[in-house]
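Notes follow once the structure below has been shown.
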Amino acid sequence: MLPFMNIINNISFVIIAAFGGYFAIKGVISIGVISAFIVYAKQFGRPIDEMAQIYGQIQTAIAGAERVFAVMDEPLEDKSGSENMEQSEGTIIFDHVNFSYEPGKQVLYDFCLEVKNGHKIALVGSTGSGKTTVVNLLMRFYDVDSGSILIDGTNIKNIACDALRRNTAIVLQDTVLFTDTVENNLRYSKENATQEEIEEAMKRSNCYHMVRHLSKGLQTVLSGAGQNLSQGQRQLLSIARAFLAKQGIYYQLYMTQFAGNAT
Ligand SMILES: Nc1ncnc2c1ncn2[C@@H]1O[C@H](COP(=O)(O)OP(=O)(O)OP(=O)(O)O)[C@@H](O)[C@H]1O
Ligand SMILES: [Mg+2]
């Protein structure tokens with residue numbers, strides 16, 4: 001709108017100058033009348049310019065509001081579960097699970113899996129085959145279409161979402177790091193962690209030496225959300241963060257997905 005209004009203003013200036021000049025030469029009006037007329041024309045145009053500016057702002061606001069309402073319109077999470085996983089051992093069973101993100105495009109077909117307490121398992125498959133989907137279902141980011149997922153024999157639909165997520169740590173392909181020190185990035189999962197807990201978490205996730213070799217160790221500032229680290233180093237920090245979140249809790253499950261194809 002603004003460039004358009006500028007063109008209109010300039011055209012009106014040319015018209016006033018041309019006609020004003022013609023009439024001034026003919027002696028119909030004086031030069032003073034022309035200059036006064038130009039000032040009036042500018043005053044007339046200013047509110048229209050301002051309206052053009054406001055129109056731009058309104059468009060931006062509408063675009064923002066659409067996104068806000070899209071979030072507000074999301075259906076609420078099912079909070080019906082009440083079990084709190086206190087005595088959990090961590091045996092996971094996927095029992096004949098079928099799942100699709102969109103109707104008609106099924107991702108998991110009759111998927112069965114049993115993970116015993118303490119086992120480390122790897123799901124290997126081509127990209128887009130549904131490995132991350134398995135993790136999403138376990139965390140109840142989505143609900144299964146049919147079949148069930150059991151933790152220690154309890155259907156996860158009966159476990160309170162809060163408890164389920166508090167007792168489970170996941171590390172996904174994309175890491176989320178902040179422009180802050182390494183230490184504060186780790187503390188994100190446990191704000192009041194002691195120095196020993198942080199070191200322990202770094203040792204368990206094999207990033208202790210990596211961090212020590214950074215220029216200022218734990219106090220190194222990660223620029224641009226970890227741009228100064230390699231992808232693998234960023235993942236190690238995410239894993240350390242997961243370890244830190246769970247210290248002292250006897251039920252631990254780490255789902256790690258590396259940039260490759262293993263979950
Ligand atoms: N949020 C979503 N909405 C709709 N479809 C999705 C969504 N997320 C994944 N999909 C589809 O589900 C299928 C499985 O995706 P998933 O992310 O589980 O794959 P993956 O095995 O983890 O792949 P990768 O090895 O690349 O990480 C893909 O074909 C994808 O197109
Ligand atoms: Mg994936």
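Ordering of the structure tokens sets the chain letters (A, B, ...), residue numbers begin anew at 1 in every chain, and ligands are numbered from 1 in the order given.
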- Residue set, stretch 20-105 of chain A restricted to strand (DSSP E), as JSON, numbers by chain: {"A": [92, 93, 94, 95, 96, 97, 98, 99, 100, 101, 102, 105]}
Which residues of chain A have any atom within 12 Å of an atom in ligand 1 when counting only C-alpha atoms and all ligand atoms, and what is the closest pair of atoms for each, with the distance in Å to one decimal? Order the rows by chain and rising number and write it as a tab-separated table.
residue	atom	partner	partner_atom_place_in_ligand_line	distance
A:Phe99	CA	ligand 1	12 (O)	9.5
A:Ser100	CA	ligand 1	12 (O)	7.5
A:Tyr101	CA	ligand 1	4 (C)	4.7
A:Glu102	CA	ligand 1	4 (C)	6.0
A:Pro103	CA	ligand 1	4 (C)	9.7
A:Gly104	CA	ligand 1	5 (N)	11.0
A:Lys105	CA	ligand 1	5 (N)	8.1
A:Gln106	CA	ligand 1	12 (O)	8.0
A:Val107	CA	ligand 1	13 (C)	5.5
A:Leu108	CA	ligand 1	14 (C)	8.2
A:Tyr109	CA	ligand 1	14 (C)	11.7
A:Ala122	CA	ligand 1	21 (O)	11.9
A:Leu123	CA	ligand 1	21 (O)	8.8
A:Val124	CA	ligand 1	21 (O)	8.2
A:Gly125	CA	ligand 1	21 (O)	6.3
A:Ser126	CA	ligand 1	25 (O)	5.8
A:Thr127	CA	ligand 1	25 (O)	3.6
A:Gly128	CA	ligand 1	19 (O)	3.4
A:Ser129	CA	ligand 1	21 (O)	4.0
A:Gly130	CA	ligand 1	18 (O)	3.1
A:Lys131	CA	ligand 1	21 (O)	3.7
A:Thr132	CA	ligand 1	22 (O)	3.6
A:Thr133	CA	ligand 1	18 (O)	3.7
A:Val134	CA	ligand 1	18 (O)	6.7
A:Val135	CA	ligand 1	18 (O)	8.1
A:Asn136	CA	ligand 1	18 (O)	8.0
A:Leu137	CA	ligand 1	18 (O)	9.8
A:Phe141	CA	ligand 1	1 (N)	9.9
A:Tyr142	CA	ligand 1	1 (N)	9.2
A:Leu172	CA	ligand 1	27 (O)	8.9
A:Gln173	CA	ligand 1	27 (O)	7.2
A:Asp174	CA	ligand 1	27 (O)	9.8
A:Thr256	CA	ligand 1	22 (O)	11.3
A:Gln257	CA	ligand 1	27 (O)	7.9
A:Phe258	CA	ligand 1	27 (O)	8.5
A:Ala259	CA	ligand 1	27 (O)	7.5
A:Gly260	CA	ligand 1	25 (O)	6.6
A:Asn261	CA	ligand 1	25 (O)	4.5
A:Ala262	CA	ligand 1	25 (O)	7.2
A:Thr263	CA	ligand 1	22 (O)	7.8
Restrict the selected residues to C-alpha atoms and save them as a PDB file, in the first residue's frame.
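Written file, out10.pdb:
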ATOM      1  CA  PHE A  99      -1.804 -46.161  13.867  1.00  0.00           C
ATOM      2  CA  SER A 100      -2.188 -43.476  11.216  1.00  0.00           C
ATOM      3  CA  TYR A 101      -1.546 -39.739  11.466  1.00  0.00           C
ATOM      4  CA  GLU A 102      -4.086 -39.078   8.722  1.00  0.00           C
ATOM      5  CA  PRO A 103      -7.028 -41.344   7.905  1.00  0.00           C
ATOM      6  CA  GLY A 104      -6.172 -43.714   5.054  1.00  0.00           C
ATOM      7  CA  LYS A 105      -2.395 -43.358   5.442  1.00  0.00           C
ATOM      8  CA  GLN A 106      -1.554 -46.057   7.958  1.00  0.00           C
ATOM      9  CA  VAL A 107       1.974 -45.890   9.414  1.00  0.00           C
ATOM     10  CA  LEU A 108       2.039 -48.810  11.874  1.00  0.00           C
ATOM     11  CA  TYR A 109       0.364 -52.109  10.943  1.00  0.00           C
ATOM     12  CA  ALA A 122      17.333 -50.737  18.383  1.00  0.00           C
ATOM     13  CA  LEU A 123      14.607 -50.242  15.821  1.00  0.00           C
ATOM     14  CA  VAL A 124      16.213 -50.126  12.412  1.00  0.00           C
ATOM     15  CA  GLY A 125      14.339 -49.102   9.293  1.00  0.00           C
ATOM     16  CA  SER A 126      14.371 -46.867   6.265  1.00  0.00           C
ATOM     17  CA  THR A 127      13.470 -43.194   6.617  1.00  0.00           C
ATOM     18  CA  GLY A 128       9.777 -42.606   7.107  1.00  0.00           C
ATOM     19  CA  SER A 129       9.132 -46.172   8.191  1.00  0.00           C
ATOM     20  CA  GLY A 130       7.695 -45.172  11.566  1.00  0.00           C
ATOM     21  CA  LYS A 131      10.476 -45.345  14.161  1.00  0.00           C
ATOM     22  CA  THR A 132       9.863 -41.891  15.608  1.00  0.00           C
ATOM     23  CA  THR A 133       6.149 -42.669  15.487  1.00  0.00           C
ATOM     24  CA  VAL A 134       6.741 -45.510  17.972  1.00  0.00           C
ATOM     25  CA  VAL A 135       8.305 -43.012  20.390  1.00  0.00           C
ATOM     26  CA  ASN A 136       5.502 -40.483  19.783  1.00  0.00           C
ATOM     27  CA  LEU A 137       2.913 -43.125  20.653  1.00  0.00           C
ATOM     28  CA  PHE A 141       1.818 -37.316  21.758  1.00  0.00           C
ATOM     29  CA  TYR A 142      -0.700 -39.272  19.651  1.00  0.00           C
ATOM     30  CA  LEU A 172      15.128 -37.079  19.423  1.00  0.00           C
ATOM     31  CA  GLN A 173      16.959 -36.429  16.163  1.00  0.00           C
ATOM     32  CA  ASP A 174      16.636 -32.667  16.311  1.00  0.00           C
ATOM     33  CA  THR A 256      17.615 -42.236  21.722  1.00  0.00           C
ATOM     34  CA  GLN A 257      17.289 -41.539  18.087  1.00  0.00           C
ATOM     35  CA  PHE A 258      20.448 -40.678  16.251  1.00  0.00           C
ATOM     36  CA  ALA A 259      20.668 -38.980  12.924  1.00  0.00           C
ATOM     37  CA  GLY A 260      20.820 -42.412  11.291  1.00  0.00           C
ATOM     38  CA  ASN A 261      17.974 -44.838  11.207  1.00  0.00           C
ATOM     39  CA  ALA A 262      18.095 -46.402  14.657  1.00  0.00           C
ATOM     40  CA  THR A 263      15.739 -45.641  17.491  1.00  0.00           C
TER      41      THR A 263
END
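Distances to ligand 2 were evaluated for A:Val221, A:Gly81, A:Val171, A:Gln227 using only C-alpha atoms and all ligand atoms, and the minimum falls at A:Val171.
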- If you count only C-alpha atoms, which residues fall within 12 Å of A:Met139, apart from same-chain ones fewer than 3 positions away, as a PyMOL selection string? chain A and resi 92+132-136+142-144+149-151+156-157+159-171+253-255
- Task: Name all residues at most 12 Å from A:Ile93 (count only C-alpha atoms; drop same-chain ones fewer than 2 positions away) and give them as an NGL selection string.
- Result: :A and (90-91 or 95-97 or 111-117 or 134 or 137-138 or 147-156)
12 Å contact set for A:Asn10, only C-alpha atoms, chain neighbours under 6 positions out, as a PDB file with N, CA and C atoms, in the first residue's frame:
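Printed below is part_23.pdb as written:
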ATOM      1  N   PRO A   3       4.042   2.186  -1.094  1.00  0.00           N
ATOM      2  CA  PRO A   3       4.601   2.680  -2.363  1.00  0.00           C
ATOM      3  C   PRO A   3       3.491   3.186  -3.278  1.00  0.00           C
ATOM      4  N   PHE A   4       2.349   2.502  -3.265  1.00  0.00           N
ATOM      5  CA  PHE A   4       1.214   2.909  -4.087  1.00  0.00           C
ATOM      6  C   PHE A   4       0.758   4.318  -3.694  1.00  0.00           C
ATOM      7  N   ILE A  16      -0.711  19.355  -9.721  1.00  0.00           N
ATOM      8  CA  ILE A  16      -0.852  20.706  -9.131  1.00  0.00           C
ATOM      9  C   ILE A  16       0.196  21.645  -9.716  1.00  0.00           C
ATOM     10  N   ALA A  17       1.455  21.138  -9.834  1.00  0.00           N
ATOM     11  CA  ALA A  17       2.531  21.982 -10.349  1.00  0.00           C
ATOM     12  C   ALA A  17       2.228  22.393 -11.797  1.00  0.00           C
ATOM     13  N   ILE A  38      -0.340  23.066  -2.468  1.00  0.00           N
ATOM     14  CA  ILE A  38       0.503  21.863  -2.297  1.00  0.00           C
ATOM     15  C   ILE A  38       0.488  21.418  -0.838  1.00  0.00           C
ATOM     16  N   ALA A  41      -2.773  19.761  -0.078  1.00  0.00           N
ATOM     17  CA  ALA A  41      -2.842  18.422  -0.683  1.00  0.00           C
ATOM     18  C   ALA A  41      -2.075  17.416   0.163  1.00  0.00           C
ATOM     19  N   LYS A  42      -0.897  17.868   0.693  1.00  0.00           N
ATOM     20  CA  LYS A  42      -0.093  16.973   1.545  1.00  0.00           C
ATOM     21  C   LYS A  42      -0.856  16.629   2.815  1.00  0.00           C
ATOM     22  N   GLY A  45      -3.360  14.119   2.176  1.00  0.00           N
ATOM     23  CA  GLY A  45      -2.832  12.770   1.905  1.00  0.00           C
ATOM     24  C   GLY A  45      -2.306  12.061   3.142  1.00  0.00           C
TER      25      GLY A  45
END
- Message: as a ChimeraX atom specification, please: every residue in stretch 16-261 of chain A that DSSP puts in helix (DSSP H, G or I).
- Response: /A:16-26,31-72,131-138,156-158,161-166,182-187,195-204,208-212,217-219,231-245
- Task: Name all residues at most 6 Å from A:Thr179 (count only C-alpha atoms; drop same-chain ones fewer than 3 positions away) and give them as number ranges by chain.
- Result: A: 222-225
